[in-house]
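Engineer: This is protein.csv (CSV, C-alpha atoms).
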```csv
chain,number,residue,atom,x,y,z
A,1,MET,CA,3.4,-20.9,7.1
A,2,GLU,CA,-0.3,-21.4,6.7
A,3,GLU,CA,-2.4,-19.7,4.0
A,4,HIS,CA,-4.2,-16.5,5.0
A,5,LYS,CA,-5.9,-13.4,3.7
A,6,PRO,CA,-3.8,-10.2,3.3
A,7,VAL,CA,-4.2,-7.8,6.2
A,8,ASN,CA,-5.2,-4.3,5.2
A,9,ILE,CA,-3.8,-2.5,8.3
A,10,ALA,CA,-0.8,-0.3,9.0
A,11,HIS,CA,0.3,-1.6,12.4
A,12,ALA,CA,-1.4,-3.0,15.5
A,13,ASP,CA,-1.2,0.2,17.4
A,14,SER,CA,-2.4,2.4,14.6
A,15,ALA,CA,-5.8,3.2,13.1
A,16,THR,CA,-4.1,4.3,9.8
A,17,LYS,CA,-5.7,2.9,6.7
A,18,TYR,CA,-3.8,2.2,3.5
A,19,GLU,CA,-4.5,4.5,0.6
A,20,THR,CA,-4.2,3.9,-3.2
A,21,ALA,CA,-2.3,5.7,-5.9
A,22,VAL,CA,-2.6,4.9,-9.6
A,23,PHE,CA,-0.1,6.0,-12.2
A,24,ALA,CA,0.4,5.2,-15.9
A,25,GLY,CA,4.0,5.6,-17.1
A,26,GLY,CA,4.4,3.5,-20.2
A,27,CYS,CA,5.3,-0.2,-20.0
A,28,PHE,CA,4.1,-1.4,-16.5
A,29,TRP,CA,7.0,-3.9,-16.5
A,30,GLN,CA,9.4,-0.9,-16.3
A,31,LEU,CA,7.3,1.3,-14.0
A,32,GLU,CA,6.5,-1.2,-11.2
A,33,PRO,CA,10.1,-1.6,-9.8
A,34,TYR,CA,10.4,2.2,-9.0
A,35,PHE,CA,7.7,1.8,-6.3
A,36,GLU,CA,8.2,-1.8,-5.1
A,37,ASP,CA,10.8,-1.2,-2.3
A,38,LEU,CA,9.7,2.2,-1.0
A,39,GLU,CA,9.2,2.3,2.7
A,40,GLY,CA,5.5,2.5,3.4
A,41,VAL,CA,4.4,0.8,0.2
A,42,LEU,CA,2.5,-2.4,0.8
A,43,SER,CA,2.0,-3.6,-2.7
A,44,VAL,CA,2.3,-2.6,-6.4
A,45,SER,CA,0.1,-4.2,-9.0
A,46,ALA,CA,0.3,-4.0,-12.7
A,47,GLY,CA,-3.0,-3.5,-14.6
A,48,TYR,CA,-5.2,-1.5,-16.9
A,49,THR,CA,-7.3,1.6,-16.4
A,50,GLY,CA,-8.8,4.6,-18.0
A,51,GLY,CA,-10.5,2.8,-20.9
A,52,ARG,CA,-13.9,1.8,-22.2
A,53,THR,CA,-14.0,-2.0,-22.0
A,54,GLN,CA,-14.5,-4.3,-19.0
A,55,ASN,CA,-12.0,-6.9,-17.9
A,56,PRO,CA,-9.5,-6.2,-20.7
A,57,THR,CA,-6.7,-8.6,-21.5
A,58,TYR,CA,-3.1,-7.8,-22.2
A,59,ASN,CA,-3.5,-8.6,-25.9
A,60,GLU,CA,-6.6,-6.3,-26.1
A,61,VAL,CA,-4.9,-3.4,-24.4
A,62,SER,CA,-1.7,-3.9,-26.4
A,63,SER,CA,-3.7,-3.5,-29.6
A,64,GLY,CA,-4.5,0.1,-28.6
A,65,GLY,CA,-8.2,-0.3,-29.1
A,66,THR,CA,-9.6,-0.4,-25.6
A,67,GLY,CA,-8.6,3.1,-24.4
A,68,HIS,CA,-6.9,1.6,-21.4
A,69,LEU,CA,-3.4,2.6,-20.3
A,70,GLU,CA,-0.9,0.2,-18.8
A,71,SER,CA,-0.8,1.3,-15.2
A,72,VAL,CA,0.3,0.5,-11.7
A,73,GLU,CA,-1.9,0.5,-8.6
A,74,ILE,CA,0.1,1.3,-5.4
A,75,ARG,CA,-1.3,0.6,-1.9
A,76,TYR,CA,0.6,2.6,0.7
A,77,ASN,CA,0.6,3.7,4.3
A,78,PRO,CA,0.3,7.6,4.3
A,79,SER,CA,1.9,7.7,7.8
A,80,GLN,CA,5.1,6.3,6.3
A,81,ILE,CA,5.1,7.8,2.8
A,82,SER,CA,3.2,10.7,1.4
A,83,TYR,CA,1.3,10.9,-1.8
A,84,LYS,CA,3.5,13.9,-2.7
A,85,LYS,CA,6.6,11.6,-2.4
A,86,LEU,CA,4.9,9.0,-4.7
A,87,LEU,CA,4.3,11.7,-7.2
A,88,GLN,CA,7.9,12.8,-7.0
A,89,VAL,CA,9.0,9.2,-7.7
A,90,PHE,CA,6.6,9.0,-10.6
A,91,TRP,CA,7.8,12.2,-12.3
A,92,HIS,CA,11.4,11.0,-11.8
A,93,SER,CA,10.5,7.7,-13.6
A,94,ILE,CA,8.9,8.9,-16.9
A,95,ASP,CA,9.3,11.4,-19.7
A,96,PRO,CA,6.2,13.7,-19.1
A,97,THR,CA,6.7,15.6,-22.3
A,98,ASN,CA,6.2,12.6,-24.7
A,99,ALA,CA,2.6,12.6,-26.1
A,100,ASP,CA,3.2,9.5,-28.2
A,101,GLY,CA,4.0,7.0,-25.4
A,102,GLN,CA,7.1,6.2,-23.4
A,103,PHE,CA,10.6,5.6,-24.9
A,104,ASP,CA,10.4,2.5,-27.2
A,105,ASN,CA,6.7,1.9,-26.3
A,106,LEU,CA,4.6,4.0,-28.5
A,107,GLY,CA,0.8,4.1,-28.7
A,108,SER,CA,-2.2,5.4,-26.7
A,109,GLN,CA,-1.9,2.5,-24.2
A,110,TYR,CA,1.5,3.8,-23.1
A,111,HIS,CA,0.5,7.4,-22.5
A,112,THR,CA,1.3,8.8,-19.0
A,113,ALA,CA,-1.3,9.8,-16.5
A,114,VAL,CA,-2.0,10.3,-12.8
A,115,PHE,CA,-5.4,8.9,-11.8
A,116,TYR,CA,-6.5,10.6,-8.6
A,117,ASN,CA,-8.8,9.0,-5.9
A,118,SER,CA,-9.7,12.1,-4.0
A,119,ALA,CA,-9.8,15.9,-4.2
A,120,GLU,CA,-6.6,16.0,-2.1
A,121,GLN,CA,-4.8,13.7,-4.6
A,122,LYS,CA,-6.1,15.8,-7.5
A,123,ALA,CA,-4.8,19.0,-5.9
A,124,ALA,CA,-1.4,17.5,-5.1
A,125,ALA,CA,-1.1,16.0,-8.6
A,126,GLU,CA,-1.9,19.3,-10.3
A,127,ALA,CA,0.5,21.2,-8.0
A,128,SER,CA,3.3,18.8,-8.6
A,129,ARG,CA,2.7,19.0,-12.4
A,130,ASP,CA,2.7,22.8,-12.3
A,131,ALA,CA,5.9,22.9,-10.2
A,132,LEU,CA,7.6,20.5,-12.7
A,133,ALA,CA,6.6,22.7,-15.6
A,134,ALA,CA,8.0,25.7,-13.9
A,135,SER,CA,11.2,24.0,-12.9
A,136,GLY,CA,13.0,24.6,-16.2
A,137,LYS,CA,13.9,20.9,-16.6
A,138,PHE,CA,12.0,20.5,-19.8
A,139,ASP,CA,11.9,22.6,-23.0
A,140,LYS,CA,8.6,21.0,-24.1
A,141,PRO,CA,5.2,21.1,-22.4
A,142,ILE,CA,4.1,18.6,-19.8
A,143,VAL,CA,1.5,16.4,-21.4
A,144,THR,CA,0.8,13.9,-18.6
A,145,GLU,CA,-2.9,13.6,-18.0
A,146,ILE,CA,-4.4,14.1,-14.6
A,147,ALA,CA,-7.8,12.4,-14.4
A,148,ALA,CA,-10.2,10.8,-11.9
A,149,ALA,CA,-9.6,7.2,-11.2
A,150,SER,CA,-11.9,4.6,-12.6
A,151,ASN,CA,-12.0,0.8,-12.5
A,152,PHE,CA,-8.5,-0.7,-12.2
A,153,TYR,CA,-8.2,-4.2,-13.8
A,154,MET,CA,-5.4,-6.4,-12.6
A,155,ALA,CA,-3.1,-7.6,-15.4
A,156,GLU,CA,-2.5,-11.3,-15.8
A,157,GLU,CA,-0.3,-13.0,-13.3
A,158,GLU,CA,2.7,-13.3,-15.7
A,159,HIS,CA,2.8,-9.5,-15.8
A,160,GLN,CA,3.0,-9.0,-12.0
A,161,ASP,CA,6.5,-8.5,-10.7
A,162,TYR,CA,7.9,-9.2,-14.2
A,163,TYR,CA,11.3,-7.8,-13.3
A,164,LYS,CA,11.6,-10.4,-10.6
A,165,LYS,CA,10.4,-13.4,-12.6
A,166,ASN,CA,12.4,-12.5,-15.7
A,167,PRO,CA,15.4,-10.5,-14.5
A,168,ILE,CA,17.5,-10.9,-17.6
A,169,SER,CA,14.7,-10.1,-20.0
A,170,TYR,CA,13.8,-7.1,-17.8
A,171,ARG,CA,17.3,-5.7,-17.8
A,172,ILE,CA,17.6,-6.0,-21.6
A,173,THR,CA,14.2,-4.4,-22.0
A,174,GLN,CA,15.1,-1.5,-19.7
A,175,PHE,CA,18.4,-1.0,-21.4
A,176,VAL,CA,17.0,-1.1,-24.9
A,177,SER,CA,14.2,1.2,-24.0
A,178,GLY,CA,16.5,4.0,-23.1
A,179,ARG,CA,14.5,4.9,-20.0
A,180,ASP,CA,17.3,4.7,-17.5
A,181,ALA,CA,19.7,6.6,-19.7
A,182,TYR,CA,17.1,9.4,-20.2
A,183,LEU,CA,16.3,9.6,-16.5
A,184,ASP,CA,20.0,9.8,-15.5
A,185,ARG,CA,20.6,12.4,-18.2
A,186,THR,CA,17.5,14.5,-17.1
A,187,TRP,CA,17.8,14.2,-13.3
A,188,GLY,CA,21.3,13.1,-12.6
A,189,ALA,CA,21.8,12.3,-8.9
A,190,GLU,CA,18.1,13.4,-8.2
A,191,HIS,CA,17.0,10.3,-10.2
A,192,THR,CA,18.2,8.0,-7.4
A,193,VAL,CA,17.7,10.3,-4.5
A,194,ALA,CA,14.0,10.5,-5.0
A,195,VAL,CA,13.8,6.8,-4.5
A,196,ALA,CA,16.7,6.1,-2.1
A,197,ASP,CA,15.5,8.4,0.7
A,198,GLN,CA,12.4,6.2,1.0
A,199,VAL,CA,14.1,2.8,1.0
A,200,GLY,CA,14.7,1.3,4.4
A,201,ASN,CA,18.4,0.4,3.9
A,202,GLY,CA,20.3,0.8,7.1
A,203,LYS,CA,23.4,3.0,7.2
A,204,ASP,CA,24.9,1.9,10.5
A,205,PHE,CA,25.8,-1.7,9.6
A,206,ASN,CA,27.6,-3.6,6.8
A,207,LYS,CA,25.0,-5.9,5.5
A,208,ALA,CA,27.4,-7.9,3.3
A,209,GLU,CA,29.6,-8.7,6.3
A,210,ARG,CA,26.6,-9.5,8.5
A,211,LEU,CA,25.2,-12.0,5.9
A,212,LYS,CA,28.6,-13.8,5.9
A,213,ALA,CA,28.1,-14.6,9.6
A,214,LEU,CA,24.6,-16.2,9.2
A,215,THR,CA,24.0,-19.9,9.3
A,216,LYS,CA,22.5,-21.5,6.2
A,217,LEU,CA,19.0,-21.5,7.8
A,218,GLN,CA,19.3,-17.8,8.9
A,219,TYR,CA,20.3,-16.9,5.4
A,220,ASP,CA,17.5,-18.9,3.7
A,221,VAL,CA,14.9,-17.4,6.0
A,222,THR,CA,16.0,-13.7,5.9
A,223,GLN,CA,17.2,-13.5,2.3
A,224,ASN,CA,15.2,-16.2,0.4
A,225,ASP,CA,11.8,-15.8,2.3
A,226,ALA,CA,11.9,-19.4,3.6
A,227,ASP,CA,10.1,-20.6,6.7
A,228,GLU,CA,11.8,-22.8,9.4
A,229,ARG,CA,10.2,-25.9,10.8
A,230,PRO,CA,7.6,-25.3,13.5
A,231,PHE,CA,8.4,-26.5,17.1
A,232,GLU,CA,12.0,-27.0,16.0
A,233,ASN,CA,13.3,-23.5,16.3
A,234,GLU,CA,15.1,-21.5,19.0
A,235,TYR,CA,12.4,-19.1,20.3
A,236,TRP,CA,9.0,-20.7,19.8
A,237,ASP,CA,8.7,-21.5,23.5
A,238,ASN,CA,11.1,-19.0,24.9
A,239,LYS,CA,9.6,-17.5,28.1
A,240,GLN,CA,12.5,-15.2,29.1
A,241,GLU,CA,11.9,-11.4,29.3
A,242,GLY,CA,13.7,-9.3,26.8
A,243,ILE,CA,13.5,-8.1,23.2
A,244,TYR,CA,14.0,-9.6,19.8
A,245,VAL,CA,16.1,-7.8,17.2
A,246,ASP,CA,16.9,-8.4,13.6
A,247,ILE,CA,19.7,-11.1,13.2
A,248,VAL,CA,21.2,-9.0,10.3
A,249,SER,CA,20.9,-5.4,11.3
A,250,GLY,CA,20.2,-5.6,15.1
A,251,GLU,CA,17.2,-3.2,14.8
A,252,PRO,CA,14.6,-3.8,17.6
A,253,LEU,CA,11.5,-5.6,16.4
A,254,PHE,CA,9.5,-7.4,19.1
A,255,SER,CA,9.2,-7.6,22.9
A,256,SER,CA,8.5,-10.6,25.2
A,257,LYS,CA,5.7,-8.4,26.6
A,258,ASP,CA,3.8,-8.9,23.4
A,259,LYS,CA,4.7,-12.6,22.9
A,260,PHE,CA,2.1,-15.3,23.3
A,261,ASP,CA,1.7,-19.0,22.6
A,262,ALA,CA,-0.3,-19.4,19.4
A,263,GLY,CA,0.2,-23.2,19.4
A,264,THR,CA,1.7,-23.0,15.9
A,265,GLY,CA,5.3,-23.7,16.8
A,266,TRP,CA,6.7,-20.3,15.8
A,267,PRO,CA,7.2,-17.2,18.0
A,268,SER,CA,4.1,-15.1,17.9
A,269,PHE,CA,3.5,-11.5,18.9
A,270,THR,CA,0.5,-9.2,19.0
A,271,GLN,CA,2.4,-6.1,17.8
A,272,PRO,CA,5.9,-4.8,17.1
A,273,LEU,CA,8.1,-3.3,19.7
A,274,ASN,CA,9.0,-0.5,17.3
A,275,LYS,CA,6.5,-0.1,14.4
A,276,ASP,CA,9.0,2.0,12.5
A,277,HIS,CA,11.3,-1.0,12.1
A,278,VAL,CA,8.6,-3.5,10.9
A,279,LEU,CA,7.2,-3.2,7.4
A,280,LEU,CA,4.3,-5.1,5.8
A,281,LYS,CA,4.4,-6.3,2.2
A,282,GLU,CA,1.6,-7.9,0.3
A,283,LYS,CA,2.7,-11.1,-1.5
A,284,ARG,CA,0.6,-12.9,-4.1
A,285,GLY,CA,1.0,-16.6,-4.9
A,286,LEU,CA,-0.7,-18.6,-7.6
A,287,PHE,CA,-3.5,-19.7,-5.4
A,288,SER,CA,-3.2,-17.5,-2.3
A,289,ALA,CA,-2.2,-14.0,-1.1
A,290,GLY,CA,-0.6,-13.0,2.2
A,291,THR,CA,1.0,-10.3,4.1
A,292,GLN,CA,4.8,-10.6,4.8
A,293,VAL,CA,6.5,-9.0,7.8
A,294,ARG,CA,9.9,-7.6,7.0
A,295,SER,CA,12.5,-5.5,8.8
A,296,ARG,CA,13.0,-1.9,7.6
A,297,ASP,CA,16.8,-1.5,7.7
A,298,ALA,CA,18.0,-5.0,6.6
A,299,ASP,CA,14.9,-5.9,4.5
A,300,SER,CA,15.0,-9.3,6.2
A,301,PHE,CA,12.0,-11.6,5.7
A,302,LEU,CA,10.7,-12.2,9.2
A,303,GLY,CA,7.4,-14.0,8.8
A,304,ASP,CA,3.7,-13.4,8.2
A,305,LEU,CA,0.9,-11.4,9.6
A,306,PHE,CA,-2.5,-13.0,10.5
A,307,GLU,CA,-5.8,-11.6,11.8
A,308,ASP,CA,-6.4,-14.4,14.4
A,309,GLY,CA,-4.4,-13.1,17.4
A,310,PRO,CA,-5.7,-12.2,20.9
A,311,GLU,CA,-6.7,-8.9,22.3
A,312,PRO,CA,-5.8,-6.1,22.4
A,313,THR,CA,-4.9,-6.1,18.7
A,314,GLY,CA,-6.5,-9.2,17.3
A,315,LEU,CA,-3.3,-9.7,15.2
A,316,ARG,CA,-0.6,-12.4,15.1
A,317,TYR,CA,2.8,-11.6,13.9
A,318,CYS,CA,4.1,-15.2,13.2
A,319,ILE,CA,7.9,-14.8,13.1
A,320,ASN,CA,10.8,-17.2,12.3
A,321,SER,CA,13.3,-17.6,15.1
A,322,ALA,CA,16.1,-17.7,12.5
A,323,ALA,CA,15.4,-14.1,11.7
A,324,LEU,CA,15.8,-13.0,15.3
A,325,LYS,CA,18.4,-12.5,18.0
A,326,PHE,CA,17.1,-12.5,21.6
A,327,ILE,CA,18.4,-9.9,24.1
A,328,PRO,CA,17.6,-10.8,27.7
A,329,LYS,CA,16.4,-7.9,29.8
A,330,ASP,CA,19.5,-7.9,32.0
A,331,LYS,CA,21.7,-7.5,29.0
A,332,LEU,CA,19.8,-4.7,27.3
A,333,GLU,CA,22.1,-1.9,28.6
A,334,ALA,CA,25.3,-3.8,27.8
A,335,GLU,CA,24.2,-4.5,24.2
A,336,GLY,CA,23.0,-1.0,23.5
A,337,TYR,CA,19.3,-1.4,23.9
A,338,GLY,CA,19.0,0.4,27.3
A,339,ALA,CA,16.1,2.5,26.0
A,340,TYR,CA,13.9,-0.6,26.2
A,341,ALA,CA,14.9,-1.7,29.7
A,342,GLU,CA,12.3,0.4,31.4
A,343,GLN,CA,9.4,-1.8,30.3
A,344,PHE,CA,10.8,-4.7,32.3
A,345,GLU,CA,11.1,-2.8,35.6
A,346,GLU,CA,8.8,-3.9,38.3
```
Would you mind giving the structure from this file in structure tokens?
Structural biologist:
Amino acid sequence: MEEHKPVNIAHADSATKYETAVFAGGCFWQLEPYFEDLEGVLSVSAGYTGGRTQNPTYNEVSSGGTGHLESVEIRYNPSQISYKKLLQVFWHSIDPTNADGQFDNLGSQYHTAVFYNSAEQKAAAEASRDALAASGKFDKPIVTEIAAASNFYMAEEEHQDYYKKNPISYRITQFVSGRDAYLDRTWGAEHTVAVADQVGNGKDFNKAERLKALTKLQYDVTQNDADERPFENEYWDNKQEGIYVDIVSGEPLFSSKDKFDAGTGWPSFTQPLNKDHVLLKEKRGLFSAGTQVRSRDADSFLGDLFEDGPEPTGLRYCINSAALKFIPKDKLEAEGYGAYAEQFEE
């Protein structure tokens, strides 16, 4: 789909603004994945902060002479995930008692820290640190710094989403570092629970079985973030009344009441039918950035969000037909979507 600017909004029917959290937890290659798939997180960026120099490079920071820490900047929707929950995930992802660095990464650039952006974040960070210290989990003091946020410098592109670009190298690095072994030993089941209860994986459907039933196009779109051809897809000009659900999970996504003809050859909507089932994820490319639209339960790629839609929202959810299944209004009750039938009553 066409290039566009990332959309910094929560959802069409919400005035919520995204907020930012900044954490330093050792190697940012290893810290970034813990936050990437949390429900309510729009983007996670690797970078440098807390130091003395402007526009530092990876080599400069790695030398330990800049005062900067390898860090991650998290943009999140506070109506979907709280700052306290992000703090919990952070504490469950590091060794807060290590004053020399983290695991196999030693040096000042790998120290741990919470960089707060407001008085509320500062209070929450201090309270969570104190609760951790009083929990009895550790026999050494908590040394993680809590400090006011300063300029955050984005790391070079090769360091963004390193675990996705270099999965084998990442797994080796993670294993050799001993981070996962330490976290499992320290937290046990709580290590995964802290993250899992925020991830939008559905519990009422068998994703593996559903994927087997998809066509090649449906699979490529939903699982590989592909886009189908404009004007050559099932629903771009569908004018029937009803709702559109995720082809994998069946979760309700959009209504024909909010559908309009954008002239692009893809189904377009001004807003989601159920905002709790539609998530936004920021995606960066080499020459452009954009905002993906994904389903919560199945984590299907649906399409992209643009800011050139009609009133009342001014937004355009540009969606692939291959990611959707259409349920006509006269079949909503029979297929288990009766709660949405009322909107079509005259």
Engineer: Would you list the contacts of Gly303 of chain A as a list in words, taking every protein, DNA or RNA residue within 7 Å and counting only C-alpha atoms, but skipping same-chain residues closer than 2 positions in sequence?
Structural biologist: Gln292, Val293, Phe301, Cys318, Ile319 and Asn320 of chain A
Engineer: I need the residue nearest Pro328 of chain A from this list: A:Phe28, A:Tyr58, A:Tyr83, A:Tyr244. Use all atoms listed in the file for the distance.
Structural biologist: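 Closest to Pro328 of chain A of all the choices is A:Tyr244.
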Engineer: Interatomic distance between atom CA of Leu87 of chain A and atom CA of Asn55 of chain A?
Structural biologist: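 Pair atom CA of Leu87 of chain A / atom CA of Asn55 of chain A returns 26.9 Å.
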Engineer: At what distance in Å, to one decimal, does atom CA of Ser79 of chain A lie from atom CA of Glu251 of chain A?
Structural biologist: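 Atom CA of Ser79 of chain A lies at a distance of 20.0 Å from atom CA of Glu251 of chain A.
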Engineer: Counting all atoms listed in the file, figure out which residue out of A:Leu253, A:Val114, A:Ile81, A:Ala147 gets nearest to Tyr337 of chain A.
Structural biologist: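 The answer is A:Leu253, which sits nearest to Tyr337 of chain A.
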Engineer: Show me a table, sorted first by chain and then by increasing residue number, of the residues of segment 39-109 of chain A having an atom at most 12 Å from segment 122-144 of chain A, each with its shortest atom pair and the distance in Å to one decimal, counting all atoms listed in the file and written as a tab-separated table.
Structural biologist:
```
residue	atom	partner	partner_atom	distance
A:Ser82	CA	A:Ala124	CA	10.5
A:Tyr83	CA	A:Ala124	CA	7.9
A:Lys84	CA	A:Ala124	CA	6.5
A:Lys85	CA	A:Ser128	CA	10.1
A:Leu86	CA	A:Ala125	CA	10.0
A:Leu87	CA	A:Ala125	CA	7.0
A:Gln88	CA	A:Ser128	CA	7.7
A:Val89	CA	A:Ser128	CA	11.2
A:Phe90	CA	A:Ser128	CA	10.5
A:Trp91	CA	A:Leu132	CA	8.3
A:His92	CA	A:Leu132	CA	10.3
A:Ile94	CA	A:Thr144	CA	9.7
A:Asp95	CA	A:Ile142	CA	8.9
A:Pro96	CA	A:Ile142	CA	5.4
A:Thr97	CA	A:Ile142	CA	4.7
A:Asn98	CA	A:Val143	CA	6.9
A:Ala99	CA	A:Val143	CA	6.1
A:Asp100	CA	A:Val143	CA	9.8
A:Gly101	CA	A:Thr144	CA	10.2
A:Gln102	CA	A:Thr144	CA	11.0
```
Engineer: For Lys325 of chain A, work out the shell of residues within 9 Å, counting all atoms listed in the file and skipping chain neighbours fewer than 5 positions away, then give it as a VMD selection string.
Structural biologist: chain A and resid 243 to 248 250
Engineer: Using all atoms listed in the file for the distances, tell me which of A:Glu36, A:Asp330, A:Lys281, A:Phe269 is nearest to Glu307 of chain A.
Structural biologist: A:Phe269
Engineer: Hey, what's within 12 Å of Leu217 of chain A if we count only C-alpha atoms and toss same-chain stuff fewer than 2 positions away? As a list in words, please?
Structural biologist: Leu211, Ala213, Leu214, Thr215, Tyr219, Asp220, Val221, Thr222, Gln223, Asn224, Asp225, Ala226, Asp227, Glu228, Arg229, Asn233, Glu234, Ile247, Asn320, Ser321, Ala322, Ala323 and Leu324 of chain A
Engineer: From the options A:Phe260, A:Tyr235, A:Tyr48, A:Phe254, which residue's atoms come nearest to Asn274 of chain A, counting only C-alpha atoms?
Structural biologist: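 Between A:Phe260, A:Tyr235, A:Tyr48, A:Phe254, the residue approaching Asn274 of chain A most closely is A:Phe254.
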Engineer: Just the number, please: distance in Å from atom CA of Gly40 of chain A to atom CA of Asn151 of chain A, one decimal.
Structural biologist: 23.7 Å
Engineer: Name all residues at most 7 Å from Leu69 of chain A (count all atoms listed in the file; drop same-chain ones fewer than 3 positions away) and give them as a PyMOL selection string.
Structural biologist: chain A and resi 24+48-50+109-111
Engineer: Can you write out the residues you just picked, keeping C-alpha atoms, as a short mmCIF file (atom, residue, chain, number, x, y, z; two decimals), in the coordinates of the input?
Structural biologist:
```
data_model
loop_
_atom_site.label_atom_id
_atom_site.label_comp_id
_atom_site.auth_asym_id
_atom_site.auth_seq_id
_atom_site.Cartn_x
_atom_site.Cartn_y
_atom_site.Cartn_z
CA ALA A 24 0.40 5.20 -15.90
CA TYR A 48 -5.20 -1.50 -16.90
CA THR A 49 -7.30 1.60 -16.40
CA GLY A 50 -8.80 4.60 -18.00
CA GLN A 109 -1.90 2.50 -24.20
CA TYR A 110 1.50 3.80 -23.10
CA HIS A 111 0.50 7.40 -22.50
#
```
Engineer: Counting all atoms listed in the file, select every polymer residue within 7 Å of (11.0, -3.0, 13.4) as defined in the file's coordinates, and provide the selection as a PyMOL selection string.
Structural biologist: chain A and resi 251-253+272-278+295-296
Engineer: So that I can see what lies close to Trp29 of chain A, please list as a ChimeraX atom specification the residues with an atom at most 8 Å from it, counting all atoms listed in the file and leaving out residues fewer than 5 positions away in the same chain.
Structural biologist: /A:46,159-163,170
Engineer: Using only C-alpha atoms, which of A:Phe326, A:Phe306, A:Trp187, A:Phe152 sits nearest Gln271 of chain A?
Structural biologist: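 Ranked by minimum distance to Gln271 of chain A, first place goes to A:Phe306.
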Engineer: Rank A:Ser71, A:Thr291, A:Thr270, A:Gln30 by their smallest atom-to-atom distance to Gly309 of chain A, using all atoms listed in the file, and report the top residue only.
Structural biologist: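 Using all atoms listed in the file, Gly309 of chain A sits closest to A:Thr270.
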